[in-house]
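Trainee: Quick one: this structure, given as structure tokens, is what I'll be asking you about.
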Amino acid sequence: MKQKYDVYDMWFSDHAGRRVMELWETAKDLGGTRAFYESDMMPSWKRNIGTYEKSYEKINKSDIKVCSLWDGDYPELLKEIYDPPFLLYYKGKLPEKMTRICGIVGSRKATSYGKRLAYDFGKILGEHEVWVISGMALGADSCAHKGCIDGGGLTAAVLGSGADVCTPSSNRKLYEEIIESGGCVLSEFLPGTPGYASNYPKRNRIISGMSENIIVTEADEKSGTSVTAGMALEQGREVFALPGNITSVMSRGTNRLIKEGATPLISVEDILWEMGIYDEHRKNKMPELSEAELKVLRIIEKKGEICIYELQILYGKSSSELYGIVTVLEIKGVILKNNGKIIIAK
Amino acid sequence: MVSVIKSCTMNGICGEITKVECDISRGMPMLNIVGLPDTAVKESKERLRAAINNSGLTFPLSKRITINLSPAGTKKEGTHMDLAMALSLLVCADDIYNERIGKYIVLGELSLDGRVNSAGRITPILMSLKRDNFKSVIIPKEDVEKAIIIEGIDIYPVETLYEAYGFLKGTVHIDKISGRRPERIAEKEANGADFSEVKGREEAKRAVEICMSGFHNLLLTGPPGCGKSMIAKRIPSVLPEMSYEEMMEVMSLYSISNDETYSADLRYKRPFRDPAANISLSAMIGGGGGMPKPGEISLAHNGVLFLDEMPEFRKDVLEALRQPLEDEKVSISRASGKTTYPCKFIMIGARNPCPCGHLNDPLYRCSCTSMQIKKYKDRISGPIMDRFDIFVDMTAYNNEKEYAFEDSSAGKDSKSMKKSICLAGDIQAERYKKESFKYNSQLKGQALQKYCCLDGEGKELYAAGCSALKVSKRGADKVLKVARTIADLEGEEFIKSVHLAEAFQFRRRDEAEV
């Protein structure tokens, strides 16, 4: 089978780093990553192409999939950040387009409060079909993944090692569960790469980059989690923080985030409200919605405010059918249409 | 001895037979024309004398000549009775009147050398003659082109008075020309403007399609540059062709107004009128000196009246549209009498959401106060708003690039729109062939109940929709009519709930909140 990427793409991905977009433009002008490699523009990078040839063979034989920046299934939001990874290696299934994604990050040294709420947030998001993105580290990350799986949702773990290397290895069970449940484990690092400490800040930018918003459960003042939160703000993501006791060391970071303007979450359901998703209580009061109606509602929820033509493109069905669905949703009181814009009725 | 030649006068769009009677008796030599002639008719006295003499015929000398235009009580206008008067005089002088002479209708103006000039507004006259079962007409040769499109009429074209008189006497033979329906001509592209060029406005395009099919009135609201005028410009490209009868009505109206924009070349094409916002009341409704002329609403008869920047129209002009929109005809009363012109048209209005135009625009900030916005919206009064069946709000996009507007395959083009509009028109014509109306928008009361039945599911949706969406009774009827048209567009015999649901999208929305 013809691969969509080649050895040179892998080489390029690994070296480009923060200059990826700029270099990719150059490579495109030259005619591809291979031409870029052969052009001798970066002679110091050229030494170890043999490593990539070996990895390439290895990936072909394993169940690791690769997705590149120009592929259709590359996570939409991740494309928007300054330095998206050129290639993503993953196991399982990437989130589809138009799915809602929320990141949860928290300290590895989480308190029981942090762990419980990471689990609860994971669960409630999972129940409402929101993908939960986290880092599969011990503590809060693992709890968030578990909660999401328990809630029947899909979750993605972004690793600081190769996607085939389970880090930490004690999380082997969770690693498999994530893939089995229909989620994925992904990484920008070559398969087989161990979890070097320097990889983690890079990994964190993917977690926030893939998500619409980030929940910070707990963080110390100078910690990887705080760095992730800062990165999320830089990427234009909304940051939600869990308020904690001011005496708790693990809540110092989150409380500071709130002081600096992050939105505090004062209940588990709060996140649904903030993301414009109906909570269970509301859903029960609502009349039953058909599958098509739900799909339309999801799109509107995600966009917040949408006009019918945008909706038509995102929904992809004939206009007359869509008009019907919109009318029914209006009758059921779920949405409002005014001045040509459709919004959720609150 | 008295002779009688038939001619015609105009009253509104209708022609009335006028008998031109002539009596020659002994007495003081004079020529009198009676029967309420206007100046143009009175002056024909001089033309008669010169034309007859210069044709080599004899003008009776030393006689008292009286010409009466009967019915004598109605005002006569125009010069098209010259020929009839001359012939009546000659027939009377030579005393050759017989029944054959009496069956012709004579129209034409005389010039001093005895030639016959154009009679002017000949189309409406001949049309009403045809309705009254008169068949044979003697008309100036240069008017043949205008007359030939009237089916079932025998035309005897004449060039000179001598020829006309000879024909009546039986000494000159003139070949008869029979009027027939003009053939439909293959359509010319309207400046190449096509609906496929309108990207990302599928909702408005769909609304246009529905309007044109069922003769509904449409109001477009949107910020400047969102494509309202662009859409309007392309409407002629989807208008279905008129029937022969409709075309004759339109031709007569244009003929009366001396408006040359609608010529015989256009044939079956429906008129599209877009008067500027500074139009006066009489230009809109009809009026003017002498016999009132048809206004824009009548010139848009059987076609489209597009009012761009509708709130900028004068208040009295807009208000005057109420009755014509309801009755499909307009009566213009003047001291000189009352004239009625038909005006069944599709009204398409366009307006901005507020005076600056940027209300709800994601890119620009609206600089209007809420009072200004209210005042602006109130310029189109409630009763006029009530005449609209379909409302479309067009928004500005903040991220046009995202939706690949250049992808032309996404939108409908004029050809396919026109095709479905014609299909819907045919379905309506078939369904309403026994009724007095022709389009879904004309459904009222009992007819609405009869032709817009809903199935169980539809009834449920209709009731739920009307109450949940707070649709007024009148609004509910409109939804039903629009649903009927949508069903026709889809080629369905019965209104299904999906049609109804779509129709709800085009209802009037509450504008209370700004």
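Naming works like this for the structure tokens: A, B, ... for the chains as they're shown, residue 1 at the start of each chain, ligands 1 onward in shown order.
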Using only C-alpha atoms and a cut-off of 8 Å, which residues of chain B sit close to chain A? Please list them as an mmCIF file with N, CA, C and O atoms, in the first residue's frame.
Mentor:
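Wrote it out as iface_30.cif, contents follow:
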data_model
loop_
_atom_site.group_PDB
_atom_site.id
_atom_site.type_symbol
_atom_site.label_atom_id
_atom_site.label_comp_id
_atom_site.auth_asym_id
_atom_site.auth_seq_id
_atom_site.Cartn_x
_atom_site.Cartn_y
_atom_site.Cartn_z
ATOM 1 N N GLY B 200 -23.647 31.418 -1.755
ATOM 2 C CA GLY B 200 -23.887 31.458 -0.314
ATOM 3 C C GLY B 200 -25.191 32.122 0.078
ATOM 4 O O GLY B 200 -25.363 32.502 1.213
ATOM 5 N N ARG B 201 -26.098 32.294 -0.868
ATOM 6 C CA ARG B 201 -27.391 32.897 -0.540
ATOM 7 C C ARG B 201 -28.506 31.955 -0.941
ATOM 8 O O ARG B 201 -29.492 32.365 -1.538
ATOM 9 N N GLU B 202 -28.288 30.689 -0.605
ATOM 10 C CA GLU B 202 -29.244 29.682 -1.068
ATOM 11 C C GLU B 202 -30.636 29.929 -0.485
ATOM 12 O O GLU B 202 -31.635 29.664 -1.126
ATOM 13 N N GLU B 203 -30.677 30.457 0.741
ATOM 14 C CA GLU B 203 -31.983 30.679 1.365
ATOM 15 C C GLU B 203 -32.769 31.722 0.565
ATOM 16 O O GLU B 203 -33.944 31.534 0.261
ATOM 17 N N ASN B 360 -26.333 43.667 13.634
ATOM 18 C CA ASN B 360 -26.030 42.234 13.663
ATOM 19 C C ASN B 360 -24.929 41.826 12.701
ATOM 20 O O ASN B 360 -24.807 40.666 12.341
ATOM 21 N N VAL B 392 -37.072 37.016 4.330
ATOM 22 C CA VAL B 392 -35.736 36.409 4.418
ATOM 23 C C VAL B 392 -34.770 37.419 5.035
ATOM 24 O O VAL B 392 -34.704 38.564 4.598
ATOM 25 N N ASP B 393 -34.092 36.988 6.072
ATOM 26 C CA ASP B 393 -33.049 37.811 6.665
ATOM 27 C C ASP B 393 -31.722 37.332 6.126
ATOM 28 O O ASP B 393 -31.371 36.164 6.271
ATOM 29 N N MET B 394 -30.990 38.236 5.504
ATOM 30 C CA MET B 394 -29.683 37.845 4.973
ATOM 31 C C MET B 394 -28.620 38.434 5.900
ATOM 32 O O MET B 394 -28.655 39.617 6.198
ATOM 33 N N THR B 395 -27.694 37.597 6.348
ATOM 34 C CA THR B 395 -26.677 38.110 7.261
ATOM 35 C C THR B 395 -25.358 38.243 6.521
ATOM 36 O O THR B 395 -25.148 37.620 5.494
ATOM 37 N N TYR B 403 -15.961 28.916 3.763
ATOM 38 C CA TYR B 403 -17.011 28.119 3.150
ATOM 39 C C TYR B 403 -16.902 27.998 1.645
ATOM 40 O O TYR B 403 -17.863 27.706 0.970
ATOM 41 N N ALA B 464 -48.748 22.938 16.283
ATOM 42 C CA ALA B 464 -47.628 23.141 17.209
ATOM 43 C C ALA B 464 -46.818 24.366 16.788
ATOM 44 O O ALA B 464 -46.457 25.192 17.617
ATOM 45 N N GLY B 465 -46.568 24.463 15.493
ATOM 46 C CA GLY B 465 -45.760 25.571 14.981
ATOM 47 C C GLY B 465 -46.433 26.904 15.222
ATOM 48 O O GLY B 465 -45.802 27.844 15.698
ATOM 49 N N ALA B 468 -46.352 27.548 19.109
ATOM 50 C CA ALA B 468 -45.019 27.683 19.702
ATOM 51 C C ALA B 468 -44.261 28.865 19.112
ATOM 52 O O ALA B 468 -43.510 29.528 19.794
ATOM 53 N N LEU B 469 -44.476 29.113 17.843
ATOM 54 C CA LEU B 469 -43.714 30.190 17.202
ATOM 55 C C LEU B 469 -44.489 31.496 17.177
ATOM 56 O O LEU B 469 -44.071 32.468 16.573
ATOM 57 N N VAL B 498 -42.749 18.111 5.722
ATOM 58 C CA VAL B 498 -41.455 18.730 5.400
ATOM 59 C C VAL B 498 -41.646 20.053 4.641
ATOM 60 O O VAL B 498 -40.916 21.017 4.858
ATOM 61 N N HIS B 499 -42.678 20.097 3.783
ATOM 62 C CA HIS B 499 -42.962 21.347 3.069
ATOM 63 C C HIS B 499 -43.410 22.423 4.051
ATOM 64 O O HIS B 499 -42.999 23.582 3.974
ATOM 65 N N LEU B 500 -44.255 21.988 4.968
ATOM 66 C CA LEU B 500 -44.779 22.918 5.963
ATOM 67 C C LEU B 500 -43.642 23.459 6.825
ATOM 68 O O LEU B 500 -43.568 24.655 7.102
ATOM 69 N N ALA B 501 -42.748 22.539 7.206
ATOM 70 C CA ALA B 501 -41.635 22.948 8.061
ATOM 71 C C ALA B 501 -40.762 23.970 7.346
ATOM 72 O O ALA B 501 -40.311 24.947 7.935
ATOM 73 N N GLU B 502 -40.563 23.747 6.056
ATOM 74 C CA GLU B 502 -39.753 24.711 5.311
ATOM 75 C C GLU B 502 -40.467 26.062 5.219
ATOM 76 O O GLU B 502 -39.851 27.120 5.364
ATOM 77 N N PHE B 504 -42.401 27.396 7.333
ATOM 78 C CA PHE B 504 -42.278 28.119 8.602
ATOM 79 C C PHE B 504 -40.996 28.953 8.641
ATOM 80 O O PHE B 504 -40.929 29.984 9.296
ATOM 81 N N GLN B 505 -39.962 28.490 7.942
ATOM 82 C CA GLN B 505 -38.700 29.229 7.943
ATOM 83 C C GLN B 505 -38.833 30.603 7.288
ATOM 84 O O GLN B 505 -38.042 31.481 7.540
ATOM 85 N N ARG B 509 -40.853 37.168 11.339
ATOM 86 C CA ARG B 509 -40.381 36.981 12.698
ATOM 87 C C ARG B 509 -40.623 38.228 13.518
ATOM 88 O O ARG B 509 -40.711 39.319 13.004
#
Trainee: Could you give me the residues within range 167-279 of chain B that DSSP places in strand (DSSP E), as a count of residues only?
Mentor: 8
Trainee: Residues within 8 Å of range 376-386 of chain B, please, as a PyMOL selection string. Count only C-alpha atoms; anything in the same chain fewer than 2 positions from it doesn't count.
Mentor: chain B and resi 310-311+315+318-319+321-322+353-355+372-374+388-389
Trainee: Just to be explicit: take each residue in the selection above, keep N, CA and C atoms, and write the result as an mmCIF file, in the first residue's frame.
Mentor:
data_model
loop_
_atom_site.group_PDB
_atom_site.id
_atom_site.type_symbol
_atom_site.label_atom_id
_atom_site.label_comp_id
_atom_site.auth_asym_id
_atom_site.auth_seq_id
_atom_site.Cartn_x
_atom_site.Cartn_y
_atom_site.Cartn_z
ATOM 1 N N MET B 310 -36.587 49.843 0.326
ATOM 2 C CA MET B 310 -38.013 50.133 0.479
ATOM 3 C C MET B 310 -38.334 51.233 1.499
ATOM 4 N N PRO B 311 -37.661 51.270 2.666
ATOM 5 C CA PRO B 311 -38.013 52.339 3.618
ATOM 6 C C PRO B 311 -37.705 53.733 3.091
ATOM 7 N N LYS B 315 -43.634 57.787 2.142
ATOM 8 C CA LYS B 315 -44.638 57.090 2.944
ATOM 9 C C LYS B 315 -45.962 56.949 2.182
ATOM 10 N N LEU B 318 -45.848 54.290 -0.497
ATOM 11 C CA LEU B 318 -45.934 52.923 0.016
ATOM 12 C C LEU B 318 -47.361 52.602 0.474
ATOM 13 N N GLU B 319 -47.948 53.556 1.169
ATOM 14 C CA GLU B 319 -49.299 53.304 1.696
ATOM 15 C C GLU B 319 -50.303 53.094 0.565
ATOM 16 N N LEU B 321 -49.985 51.492 -1.918
ATOM 17 C CA LEU B 321 -49.898 50.145 -2.506
ATOM 18 C C LEU B 321 -50.897 49.178 -1.873
ATOM 19 N N ARG B 322 -51.414 49.561 -0.702
ATOM 20 C CA ARG B 322 -52.282 48.626 0.036
ATOM 21 C C ARG B 322 -53.411 48.051 -0.802
ATOM 22 N N PRO B 353 -31.198 46.242 7.696
ATOM 23 C CA PRO B 353 -31.774 45.989 9.018
ATOM 24 C C PRO B 353 -31.866 47.263 9.864
ATOM 25 N N CYS B 354 -31.096 48.288 9.538
ATOM 26 C CA CYS B 354 -31.129 49.536 10.291
ATOM 27 C C CYS B 354 -30.599 50.642 9.378
ATOM 28 N N PRO B 355 -30.693 51.911 9.771
ATOM 29 C CA PRO B 355 -30.256 52.971 8.856
ATOM 30 C C PRO B 355 -28.798 52.847 8.409
ATOM 31 N N GLN B 372 -33.619 55.093 16.302
ATOM 32 C CA GLN B 372 -33.445 55.218 14.854
ATOM 33 C C GLN B 372 -33.868 53.931 14.157
ATOM 34 N N ILE B 373 -33.481 52.812 14.746
ATOM 35 C CA ILE B 373 -33.793 51.529 14.130
ATOM 36 C C ILE B 373 -35.307 51.315 14.103
ATOM 37 N N LYS B 374 -35.933 51.677 15.200
ATOM 38 C CA LYS B 374 -37.388 51.503 15.270
ATOM 39 C C LYS B 374 -38.065 52.373 14.203
ATOM 40 N N PHE B 388 -46.671 40.961 2.649
ATOM 41 C CA PHE B 388 -45.573 40.058 2.290
ATOM 42 C C PHE B 388 -45.876 38.648 2.785
ATOM 43 N N ASP B 389 -45.562 37.675 1.960
ATOM 44 C CA ASP B 389 -45.762 36.277 2.353
ATOM 45 C C ASP B 389 -44.470 35.656 2.854
#
Trainee: Could you pull out all residues of range 288-322 of chain B with a DSSP call of helix (DSSP H, G or I) and give them as a PyMOL selection string?
Mentor: chain B and resi 296-299+310-312+315-319+322
Trainee: Select, from A:Leu125, A:Ile59, A:Ala197, A:Ala110, the residue with the minimum atom-to-atom distance to Ala163 in chain A, counting only C-alpha atoms.
Mentor: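 Answer, going by the shortest atom-to-atom distance: A:Ile59.
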Trainee: At a cut-off of 7 Å, using only C-alpha atoms, what residues contact Ser213 in chain B? Leave out same-chain residues fewer than 6 positions from it and give the result as a list in words.
Mentor: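 In the requested format, the answer is Ile421, Ala424, Gly425 and Thr485 of chain B.
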Trainee: Kindly save the residues from that selection, with C-alpha atoms included, as a tab-separated table (two decimals), in the first residue's frame.
Mentor:
chain	number	residue	atom	x	y	z
B	421	ILE	CA	-40.78	27.47	-11.34
B	424	ALA	CA	-44.95	24.64	-10.31
B	425	GLY	CA	-46.80	27.13	-12.51
B	485	THR	CA	-46.15	26.36	-3.35
Trainee: Neighbours of range 218-220 of chain B within 10 Å (only C-alpha atoms; same-chain residues fewer than 4 positions away dropped), as a PDB file with C-alpha atoms, in the first residue's frame?
Mentor:
ATOM      1  CA  ALA B 204     -32.762  33.866  -0.545  1.00  0.00           C
ATOM      2  CA  ALA B 207     -37.289  32.245  -1.497  1.00  0.00           C
ATOM      3  CA  VAL B 208     -37.143  33.774  -4.972  1.00  0.00           C
ATOM      4  CA  ILE B 210     -41.021  30.089  -4.216  1.00  0.00           C
ATOM      5  CA  CYS B 211     -42.171  33.660  -4.886  1.00  0.00           C
ATOM      6  CA  MET B 212     -41.967  33.338  -8.619  1.00  0.00           C
ATOM      7  CA  GLY B 227     -26.464  40.610  -2.410  1.00  0.00           C
ATOM      8  CA  LYS B 228     -30.052  41.878  -2.315  1.00  0.00           C
ATOM      9  CA  SER B 229     -29.777  43.870  -5.511  1.00  0.00           C
ATOM     10  CA  ILE B 231     -30.478  38.733  -6.522  1.00  0.00           C
ATOM     11  CA  ALA B 232     -33.072  41.158  -7.829  1.00  0.00           C
ATOM     12  CA  PHE B 306     -38.875  45.404  -7.116  1.00  0.00           C
ATOM     13  CA  LEU B 307     -38.638  48.097  -4.461  1.00  0.00           C
ATOM     14  CA  ASP B 308     -34.999  48.451  -3.522  1.00  0.00           C
ATOM     15  CA  GLU B 309     -34.333  50.323  -0.255  1.00  0.00           C
ATOM     16  CA  MET B 310     -38.013  50.133   0.479  1.00  0.00           C
ATOM     17  CA  ILE B 346     -45.103  40.134  -7.340  1.00  0.00           C
ATOM     18  CA  MET B 347     -43.783  42.719  -4.916  1.00  0.00           C
ATOM     19  CA  ILE B 348     -40.201  42.215  -3.845  1.00  0.00           C
ATOM     20  CA  GLY B 349     -38.933  44.600  -1.221  1.00  0.00           C
ATOM     21  CA  ALA B 350     -35.369  45.014  -0.037  1.00  0.00           C
ATOM     22  CA  ARG B 351     -34.202  46.896   3.011  1.00  0.00           C
ATOM     23  CA  ASN B 352     -31.332  47.166   5.444  1.00  0.00           C
ATOM     24  CA  PRO B 353     -31.774  45.989   9.018  1.00  0.00           C
ATOM     25  CA  MET B 385     -45.749  44.245   5.991  1.00  0.00           C
ATOM     26  CA  ARG B 387     -48.875  41.922   2.296  1.00  0.00           C
ATOM     27  CA  PHE B 388     -45.573  40.058   2.290  1.00  0.00           C
ATOM     28  CA  ASP B 389     -45.762  36.277   2.353  1.00  0.00           C
ATOM     29  CA  ILE B 390     -42.083  35.467   2.581  1.00  0.00           C
ATOM     30  CA  PHE B 391     -39.441  37.078   4.757  1.00  0.00           C
ATOM     31  CA  VAL B 392     -35.736  36.409   4.418  1.00  0.00           C
ATOM     32  CA  ASP B 393     -33.049  37.811   6.665  1.00  0.00           C
ATOM     33  CA  MET B 394     -29.683  37.845   4.973  1.00  0.00           C
ATOM     34  CA  PHE B 506     -39.958  32.007   5.685  1.00  0.00           C
ATOM     35  CA  ARG B 508     -42.426  36.901   9.545  1.00  0.00           C
TER      36      ARG B 508
END
Trainee: Show me, as a list in words, the residues that have an atom within 8 Å of Ala137 in chain A when counting only C-alpha atoms, minus same-chain residues fewer than 5 positions from it.
Mentor: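 Near Ala137 in chain A, the qualifying residues are Arg108, Ser142, Thr167 and Pro168 of chain A.
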Trainee: Could you write out the selected residues, including N, CA and C atoms, as a compact mmCIF listing (two decimals), in the first residue's frame?
Mentor:
# COMPACT_ATOMS: atom_id res chain seq x y z
N ARG A 108 0.43 15.79 38.57
CA ARG A 108 0.65 14.36 38.78
C ARG A 108 0.51 14.01 40.27
N SER A 142 -4.82 10.61 34.38
CA SER A 142 -5.37 9.26 34.31
C SER A 142 -6.81 9.24 34.76
N THR A 167 3.82 5.36 28.56
CA THR A 167 4.47 6.08 29.67
C THR A 167 3.40 6.73 30.52
N PRO A 168 3.40 6.59 31.78
CA PRO A 168 4.25 5.65 32.54
C PRO A 168 3.81 4.20 32.30
Trainee: Find the residues near Thr79 in chain B: any atom within 7 Å, counting only C-alpha atoms, skip ones fewer than 5 places away on the same chain, and give them as a short mmCIF file (atom, residue, chain, number, x, y, z; two decimals) with all heavy atoms, in the first residue's frame.
Mentor:
data_model
loop_
_atom_site.label_atom_id
_atom_site.label_comp_id
_atom_site.auth_asym_id
_atom_site.auth_seq_id
_atom_site.Cartn_x
_atom_site.Cartn_y
_atom_site.Cartn_z
N ALA B 40 -57.53 68.19 -29.73
CA ALA B 40 -56.95 67.42 -30.83
C ALA B 40 -58.03 66.97 -31.80
O ALA B 40 -57.82 66.92 -33.02
CB ALA B 40 -56.20 66.22 -30.28
N VAL B 41 -59.18 66.62 -31.28
CA VAL B 41 -60.26 66.16 -32.17
C VAL B 41 -60.86 67.33 -32.93
O VAL B 41 -61.16 67.23 -34.11
CB VAL B 41 -61.33 65.40 -31.36
CG1 VAL B 41 -62.40 64.86 -32.28
CG2 VAL B 41 -60.70 64.29 -30.54
N GLU B 109 -54.78 58.56 -38.25
CA GLU B 109 -54.69 60.02 -38.25
C GLU B 109 -54.38 60.48 -39.66
O GLU B 109 -53.69 59.80 -40.40
CB GLU B 109 -53.55 60.42 -37.30
CG GLU B 109 -53.34 61.89 -37.15
CD GLU B 109 -52.04 62.19 -36.41
OE1 GLU B 109 -51.90 61.75 -35.25
OE2 GLU B 109 -51.18 62.85 -37.01
#
Trainee: In Å, with one decimal, what is the gap from CA of Leu87 in chain B to CA of Ala164 in chain B?
Mentor: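 Computing the Euclidean distance for CA of Leu87 in chain B and CA of Ala164 in chain B yields 7.8 Å.
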